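Below is input-v3.csv, which holds CSV, C-alpha atoms.
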```csv
chain,number,residue,atom,x,y,z
N,507,MET,CA,-37.5,-42.5,-33.9
N,508,LYS,CA,-36.5,-44.5,-30.8
N,509,ARG,CA,-32.8,-44.2,-31.7
N,510,ARG,CA,-33.1,-40.4,-32.2
N,511,SER,CA,-34.7,-40.1,-28.8
N,512,ILE,CA,-31.8,-42.0,-27.2
N,513,LEU,CA,-29.3,-39.9,-29.0
N,514,LEU,CA,-31.1,-36.7,-27.7
N,515,LEU,CA,-31.1,-38.1,-24.2
N,516,VAL,CA,-27.4,-38.9,-24.3
N,517,PHE,CA,-26.7,-35.4,-25.7
N,518,LEU,CA,-28.7,-33.8,-22.9
N,519,LEU,CA,-26.9,-35.9,-20.2
N,520,CYS,CA,-23.6,-34.8,-21.7
N,521,MET,CA,-24.6,-31.2,-21.6
N,522,VAL,CA,-25.6,-31.5,-17.9
N,523,LEU,CA,-22.3,-33.1,-17.1
N,524,VAL,CA,-20.3,-30.3,-18.9
N,525,ILE,CA,-22.3,-27.6,-17.1
N,526,SER,CA,-21.8,-29.4,-13.8
N,527,ILE,CA,-18.0,-29.7,-14.3
N,528,THR,CA,-17.8,-26.1,-15.4
N,529,GLY,CA,-19.8,-24.9,-12.4
N,530,CYS,CA,-17.6,-26.9,-10.0
N,531,SER,CA,-14.5,-25.5,-11.7
N,532,GLN,CA,-15.7,-21.9,-11.4
N,533,ALA,CA,-16.7,-22.4,-7.8
N,534,GLU,CA,-13.3,-23.9,-7.0
N,535,SER,CA,-11.6,-21.0,-8.7
N,536,SER,CA,-13.7,-18.5,-6.8
N,537,ALA,CA,-12.9,-20.3,-3.5
N,538,ASN,CA,-9.2,-20.2,-4.3
N,539,THR,CA,-9.2,-16.5,-5.2
N,540,GLN,CA,-7.4,-14.5,-2.5
N,541,GLU,CA,-8.6,-11.1,-1.3
N,542,LEU,CA,-6.9,-8.5,0.8
N,543,LEU,CA,-8.9,-5.9,2.8
N,544,ILE,CA,-7.0,-2.7,3.5
N,545,PHE,CA,-7.9,0.2,5.8
N,546,ALA,CA,-6.0,3.2,4.5
N,547,ALA,CA,-5.6,6.9,5.0
N,548,ALA,CA,-7.5,8.8,2.3
N,549,GLY,CA,-4.3,10.7,1.3
N,550,THR,CA,-2.9,7.5,-0.2
N,551,ARG,CA,-5.7,6.8,-2.6
N,552,PRO,CA,-4.2,7.6,-6.1
N,553,PRO,CA,-1.0,5.5,-5.7
N,554,LEU,CA,-2.6,2.8,-3.6
N,555,ASP,CA,-5.4,2.2,-6.2
N,556,GLU,CA,-2.7,1.9,-8.9
N,557,ALA,CA,-0.5,-0.4,-6.8
N,558,ALA,CA,-3.6,-2.6,-6.0
N,559,ASN,CA,-4.4,-3.0,-9.7
N,560,ILE,CA,-0.9,-4.0,-10.6
N,561,PHE,CA,-0.6,-6.4,-7.6
N,562,GLU,CA,-3.8,-8.1,-8.6
N,563,GLN,CA,-2.7,-8.5,-12.2
N,564,LYS,CA,0.7,-9.9,-11.1
N,565,TYR,CA,-0.4,-12.2,-8.3
N,566,GLY,CA,-4.1,-12.8,-8.8
N,567,THR,CA,-5.0,-11.3,-5.4
N,568,ARG,CA,-7.9,-8.9,-5.3
N,569,VAL,CA,-7.2,-5.9,-3.2
N,570,LEU,CA,-10.1,-4.0,-1.6
N,571,VAL,CA,-9.4,-0.7,0.1
N,572,ASN,CA,-11.5,1.2,2.7
N,573,TYR,CA,-10.4,4.9,2.6
N,574,GLY,CA,-10.9,7.6,5.2
N,575,GLY,CA,-9.1,9.8,7.7
N,576,GLY,CA,-6.3,7.9,9.5
N,577,GLY,CA,-8.2,7.7,12.8
N,578,GLU,CA,-11.6,7.1,11.0
N,579,VAL,CA,-10.5,4.0,9.2
N,580,LEU,CA,-8.6,2.7,12.3
N,581,SER,CA,-11.9,3.0,14.3
N,582,ASN,CA,-13.8,1.2,11.5
N,583,MET,CA,-11.2,-1.6,11.5
N,584,VAL,CA,-11.3,-2.0,15.3
N,585,ILE,CA,-15.1,-2.0,15.5
N,586,SER,CA,-15.5,-4.5,12.6
N,587,LYS,CA,-12.4,-6.6,13.7
N,588,THR,CA,-11.6,-7.2,10.0
N,589,GLY,CA,-8.9,-6.1,7.6
N,590,ASP,CA,-5.5,-7.4,6.6
N,591,ILE,CA,-3.4,-4.2,6.5
N,592,TYR,CA,-3.6,-0.8,8.2
N,593,ILE,CA,-2.0,2.1,6.3
N,594,ALA,CA,-1.7,5.2,8.5
N,595,PRO,CA,-0.6,8.8,7.6
N,596,GLU,CA,1.8,9.0,10.5
N,597,GLN,CA,3.2,7.4,13.7
N,598,ARG,CA,0.5,8.7,16.1
N,599,PHE,CA,-2.2,6.7,14.4
N,600,MET,CA,0.0,3.6,14.1
N,601,ASP,CA,0.8,3.9,17.9
N,602,SER,CA,-3.0,4.0,18.5
N,603,ALA,CA,-3.5,0.9,16.4
N,604,ARG,CA,-1.0,-1.0,18.4
N,605,LYS,CA,-2.5,0.3,21.7
N,606,GLN,CA,-5.9,-0.9,20.5
N,607,GLU,CA,-4.4,-4.2,19.5
N,608,ALA,CA,-5.4,-3.7,15.9
N,609,ILE,CA,-1.9,-4.6,15.0
N,610,LYS,CA,0.2,-7.0,17.0
N,611,ASN,CA,3.0,-5.8,19.4
N,612,ASP,CA,5.6,-7.5,17.3
N,613,ALA,CA,4.2,-6.4,13.9
N,614,ALA,CA,6.7,-4.8,11.6
N,615,ILE,CA,5.8,-1.2,10.7
N,616,ARG,CA,7.0,-0.2,7.3
N,617,SER,CA,7.5,3.3,6.0
N,618,ILE,CA,6.1,3.8,2.4
N,619,ALA,CA,6.2,7.5,1.6
N,620,PHE,CA,6.1,11.1,2.9
N,621,MET,CA,3.6,14.0,2.5
N,622,ILE,CA,4.4,17.7,3.2
N,623,PRO,CA,1.8,20.2,4.4
N,624,VAL,CA,1.2,23.0,1.8
N,625,ILE,CA,-1.5,25.7,1.2
N,626,GLY,CA,-4.1,24.4,-1.3
N,627,VAL,CA,-6.1,26.8,-3.4
N,628,LYS,CA,-8.5,26.5,-6.4
N,629,LYS,CA,-6.7,26.3,-9.8
N,630,GLY,CA,-5.6,29.7,-10.9
N,631,ASN,CA,-5.5,31.0,-7.2
N,632,PRO,CA,-8.4,33.5,-7.7
N,633,GLN,CA,-7.8,35.0,-4.3
N,634,ASN,CA,-4.1,35.4,-4.9
N,635,ILE,CA,-3.2,33.7,-1.6
N,636,GLN,CA,0.6,33.4,-1.4
N,637,THR,CA,1.4,33.1,2.3
N,638,LEU,CA,-0.1,31.9,5.6
N,639,ASP,CA,-0.8,35.5,6.5
N,640,ASP,CA,-3.0,35.9,3.4
N,641,MET,CA,-5.3,33.3,4.9
N,642,SER,CA,-6.3,35.8,7.6
N,643,ARG,CA,-7.5,38.4,5.1
N,644,PRO,CA,-11.2,39.4,5.7
N,645,GLY,CA,-13.6,37.5,3.6
N,646,ILE,CA,-11.2,34.5,2.9
N,647,LYS,CA,-12.9,31.2,3.5
N,648,ILE,CA,-10.7,28.6,5.2
N,649,ILE,CA,-11.3,24.9,5.4
N,650,MET,CA,-9.6,22.7,8.0
N,651,GLY,CA,-9.4,19.0,8.9
N,652,ASN,CA,-10.9,17.4,12.0
N,653,PRO,CA,-8.1,16.7,14.5
N,654,GLU,CA,-9.8,13.5,15.7
N,655,THR,CA,-9.7,11.8,12.3
N,656,MET,CA,-6.8,13.3,10.3
N,657,MET,CA,-3.3,14.5,10.9
N,658,LEU,CA,-3.7,17.8,9.2
N,659,GLY,CA,-6.5,18.6,11.6
N,660,TYR,CA,-4.1,19.1,14.4
N,661,LEU,CA,-1.0,20.0,12.3
N,662,THR,CA,-2.6,23.0,10.7
N,663,PRO,CA,-3.2,24.9,14.0
N,664,GLU,CA,0.4,24.2,15.0
N,665,ILE,CA,1.7,25.6,11.7
N,666,LEU,CA,-0.5,28.7,12.0
N,667,GLN,CA,0.6,29.3,15.6
N,668,LYS,CA,4.2,29.0,14.7
N,669,ALA,CA,3.7,31.5,11.9
N,670,GLY,CA,1.9,33.9,14.4
N,671,VAL,CA,-1.4,34.0,12.4
N,672,HIS,CA,-3.6,31.4,14.2
N,673,ASP,CA,-5.8,33.9,15.9
N,674,THR,CA,-6.4,35.9,12.8
N,675,VAL,CA,-7.0,32.9,10.5
N,676,GLU,CA,-9.4,31.1,12.9
N,677,PRO,CA,-12.3,33.5,12.4
N,678,ASN,CA,-12.1,32.7,8.7
N,679,VAL,CA,-12.6,28.9,9.2
N,680,VAL,CA,-16.0,28.0,7.6
N,681,THR,CA,-15.9,24.2,8.1
N,682,ARG,CA,-13.9,21.3,9.4
N,683,VAL,CA,-14.0,17.9,7.5
N,684,PRO,CA,-12.8,14.4,8.4
N,685,GLN,CA,-10.8,13.7,5.2
N,686,VAL,CA,-8.3,15.6,3.1
N,687,ALA,CA,-10.1,14.6,0.0
N,688,ALA,CA,-13.1,16.6,1.2
N,689,MET,CA,-10.9,19.6,1.6
N,690,VAL,CA,-9.7,19.3,-2.0
N,691,THR,CA,-13.3,19.0,-3.2
N,692,ALA,CA,-14.4,22.1,-1.3
N,693,LEU,CA,-11.6,24.1,-2.9
N,694,MET,CA,-12.6,22.8,-6.4
N,695,MET,CA,-16.3,23.7,-5.7
N,696,ASN,CA,-15.5,27.2,-4.4
N,697,GLN,CA,-16.8,26.3,-1.0
N,698,ALA,CA,-13.5,27.4,0.5
N,699,ASP,CA,-10.6,29.6,-0.7
N,700,ALA,CA,-7.7,27.9,1.0
N,701,GLY,CA,-6.7,25.1,3.3
N,702,VAL,CA,-3.6,23.2,4.4
N,703,ILE,CA,-3.5,20.0,2.4
N,704,TRP,CA,-0.8,17.5,1.4
N,705,HIS,CA,1.7,18.5,-1.3
N,706,SER,CA,0.9,15.3,-3.4
N,707,PHE,CA,-2.5,16.8,-4.4
N,708,GLY,CA,-0.5,19.3,-6.4
N,709,THR,CA,0.2,16.3,-8.7
N,710,THR,CA,-2.9,14.1,-8.4
N,711,SER,CA,-5.4,17.0,-8.6
N,712,ALA,CA,-3.2,19.3,-10.8
N,713,MET,CA,-6.2,20.1,-13.1
N,714,ASP,CA,-8.2,21.5,-10.2
N,715,ILE,CA,-6.0,23.0,-7.6
N,716,ASP,CA,-2.7,24.8,-7.1
N,717,ILE,CA,-0.4,24.5,-4.1
N,718,ILE,CA,1.8,27.1,-2.3
N,719,TRP,CA,4.8,25.7,-0.3
N,720,ILE,CA,5.0,26.8,3.4
N,721,PRO,CA,8.3,28.0,4.6
N,722,GLN,CA,10.3,25.3,6.3
N,723,GLU,CA,10.5,27.2,9.6
N,724,TYR,CA,6.7,27.0,10.1
N,725,VAL,CA,6.2,23.3,9.3
N,726,THR,CA,5.9,21.4,12.5
N,727,GLY,CA,5.4,17.9,11.1
N,728,ILE,CA,5.1,15.8,7.9
N,729,GLY,CA,3.0,12.8,7.0
N,730,GLU,CA,4.9,9.5,7.1
N,731,ILE,CA,2.7,6.9,5.4
N,732,GLN,CA,3.2,3.6,7.3
N,733,ALA,CA,1.8,0.1,6.9
N,734,ALA,CA,1.5,-2.9,9.1
N,735,VAL,CA,-0.3,-6.3,8.9
N,736,SER,CA,-3.6,-6.2,10.9
N,737,ALA,CA,-4.0,-8.4,14.0
N,738,TYR,CA,-7.3,-9.6,12.5
N,739,SER,CA,-5.7,-10.9,9.2
N,740,GLN,CA,-6.1,-14.5,8.2
N,741,ARG,CA,-3.9,-13.9,5.2
N,742,THR,CA,-0.7,-12.5,6.8
N,743,GLU,CA,1.6,-14.0,4.2
N,744,ILE,CA,0.0,-12.3,1.2
N,745,ALA,CA,-0.6,-9.2,3.3
N,746,GLU,CA,3.2,-9.0,3.9
N,747,LYS,CA,3.8,-9.6,0.2
N,748,PHE,CA,1.6,-6.6,-0.7
N,749,ILE,CA,3.5,-4.4,1.8
N,750,ASP,CA,6.8,-5.7,0.3
N,751,PHE,CA,5.4,-4.6,-3.1
N,752,LEU,CA,4.6,-1.1,-1.9
N,753,THR,CA,8.1,-0.6,-0.5
N,754,SER,CA,9.8,-2.1,-3.5
N,755,ASP,CA,11.4,0.0,-6.3
N,756,GLU,CA,8.3,-0.5,-8.4
N,757,GLY,CA,6.1,0.7,-5.5
N,758,ASN,CA,8.4,3.7,-4.9
N,759,GLU,CA,8.0,4.6,-8.6
N,760,ILE,CA,4.2,4.5,-8.3
N,761,PHE,CA,4.2,6.9,-5.3
N,762,GLN,CA,6.8,9.2,-6.9
N,763,LYS,CA,4.8,9.4,-10.1
N,764,ASN,CA,1.8,10.6,-8.0
N,765,GLY,CA,3.9,13.3,-6.4
N,766,TYR,CA,4.8,11.6,-3.1
N,767,ILE,CA,8.3,11.7,-1.6
N,768,THR,CA,9.8,8.2,-0.9
N,769,ASP,CA,13.2,9.3,0.4
N,770,ARG,CA,13.4,10.3,4.1
N,771,GLU,CA,16.3,12.7,3.7
N,772,GLU,CA,14.5,14.6,0.9
N,773,ALA,CA,11.3,14.8,3.0
N,774,ASP,CA,13.3,16.2,6.0
N,775,LYS,CA,14.3,19.2,3.9
N,776,TYR,CA,10.7,20.6,4.2
N,777,TRP,CA,10.4,20.9,8.0
N,778,MET,CA,12.3,21.9,11.1
N,779,GLY,CA,11.5,18.8,13.2
N,780,ASN,CA,14.3,16.6,11.8
```

Take the structure in the file and give it back as structure tokens.
Amino acid sequence: MKRRSILLLVFLLCMVLVISITGCSQAESSANTQELLIFAAAGTRPPLDEAANIFEQKYGTRVLVNYGGGGEVLSNMVISKTGDIYIAPEQRFMDSARKQEAIKNDAAIRSIAFMIPVIGVKKGNPQNIQTLDDMSRPGIKIIMGNPETMMLGYLTPEILQKAGVHDTVEPNVVTRVPQVAAMVTALMMNQADAGVIWHSFGTTSAMDIDIIWIPQEYVTGIGEIQAAVSAYSQRTEIAEKFIDFLTSDEGNEIFQKNGYITDREEADKYWMGN
């Protein structure tokens, strides 16, 4: 009986030791797990989510992404003073990031992909909207972006003005939203009939919307997705490695598969500003 008690005690001590070692090992593993926090324009979500998953599988680094309008996520990053990478939809927001010292003055700014403004409508185009002028028809509900938070918010009025239809389209605007994803959702839910969105949604949301290309002579700008390491990052080496991945051949393929343009010369064919 005494021997059995001793054996039981020894067994319990061994179990405690094993649990202790396992717990330490798990804690050490958790402590060594690297994480990246990215503040990114919402228009990049489909390819960026895919790239983040692949990067995590390849290198063991967890990638967390905070999405929103280009100006919206920049403001969040500056206020919180956190984040490893800022991904902007165009140069204006990246310039603002540098001015606010959210990225360092000597930080390398890398171009990832390009987005073209197009007219977005619900799948099947029930209102038969084919041109910018069709957006001014009585009863057509138009959705626009907020110019303070997203590039399309100020690009759309420029396009309409150049086409000579701004004053007739403006009365049809029913709402302005901070993110392009909200515009796409409104089209899907019949809350709006049309809006100027990025062409890539014609691929990533092909089941729900259609796109109509805008004539080159009316397009005043395109979205150039850019990335830079944040001034707040404590993991600059791995952050630079992730940007390298996004701009690699593999990264280009991910963006192309999701409908984005990765070649500057091709993107320049869609507007007159080049």

Item to complete: State, in Å with one decimal place, the distance from CA of Glu746 (chain N) to CA of Ala773 (chain N).
Response: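 The value is 25.2 Å.
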
Find the nearest atom pair between each residue of region 679-708 of chain N and region 645-650 of chain N for residues within 6 Å, count all atoms listed in the file, give distances in Å to one decimal, sort rows by chain and ascending number, and present the table as JSON lines.
```
{"residue": "N:Val679", "atom": "CA", "partner": "N:Ile648", "partner_atom": "CA", "distance": 4.4}
{"residue": "N:Val680", "atom": "CA", "partner": "N:Ile648", "partner_atom": "CA", "distance": 5.8}
{"residue": "N:Thr681", "atom": "CA", "partner": "N:Ile649", "partner_atom": "CA", "distance": 5.4}
{"residue": "N:Arg682", "atom": "CA", "partner": "N:Met650", "partner_atom": "CA", "distance": 4.7}
{"residue": "N:Ala698", "atom": "CA", "partner": "N:Lys647", "partner_atom": "CA", "distance": 4.9}
{"residue": "N:Asp699", "atom": "CA", "partner": "N:Lys647", "partner_atom": "CA", "distance": 5.0}
{"residue": "N:Ala700", "atom": "CA", "partner": "N:Ile648", "partner_atom": "CA", "distance": 5.2}
{"residue": "N:Gly701", "atom": "CA", "partner": "N:Ile649", "partner_atom": "CA", "distance": 5.1}
```

Worksheet item: Between N:Leu543, N:Ile731, N:Ala608, N:Ala557, which has the minimum distance to Phe751 (chain N) (counting only C-alpha atoms)?
Response: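 Closest residue, counting only C-alpha atoms: N:Ala557.
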
Discussion item. Can you measure CA of Asn559 (chain N) to CA of Asp612 (chain N) for me? One decimal in Å is fine.
Written reply: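 Taking CA of Asn559 (chain N) and CA of Asp612 (chain N), their separation equals 29.1 Å.
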
Worksheet entry | N:Thr588, N:Thr550, N:Ser736, N:Thr662 ranked by distance to Met621 (chain N), top pick (using all atoms listed in the file) | N:Thr550

Practice prompt. Name all residues at most 9 Å from Ala688 (chain N) (count only C-alpha atoms; drop same-chain ones fewer than 5 positions away) and give them as a PyMOL selection string.
Written response: chain N and resi 651+683+693

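Nearest to Gly589 (chain N) of all the residues N:Val675, N:Arg741, N:Pro553, N:Val624 is N:Arg741, based on only C-alpha atoms.
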
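Of the listed residues (N:Thr637, N:Thr674, N:Gln685, N:Ser617), N:Gln685 comes nearest to Tyr573 (chain N); the distances count only C-alpha atoms.
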
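Of the residues listed (N:Ala712, N:Lys605, N:Gln597, N:Ile744), N:Ile744 shows the shortest atom-to-atom separation from Val569 (chain N); distances use all atoms listed in the file.
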
Worksheet item: Rounded to one decimal in Å, what is the spacing between CA of Gly576 (chain N) and CA of Met641 (chain N)?
Response: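 For CA of Gly576 (chain N) relative to CA of Met641 (chain N), the distance reads 25.8 Å.
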
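Using all atoms listed in the file for every distance, the candidate list N:Asp755, N:Pro644, N:Gly708, N:Leu666 yields N:Pro644 as the residue closest to Asn678 (chain N).
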
Discussion item. For Leu661 (chain N), find every residue with an atom within 9 Å (counting all atoms listed in the file), except residues of its own chain fewer than 5 positions away, and show them as a PyMOL selection string.
Written reply: chain N and resi 623+653+666+702+725-728

Fill in: Residues within 7 Å of Tyr766 (chain N), all atoms listed in the file, excluding chain neighbours under 2 positions, as a ChimeraX atom specification
/N:619-621,706,761-762,764,768
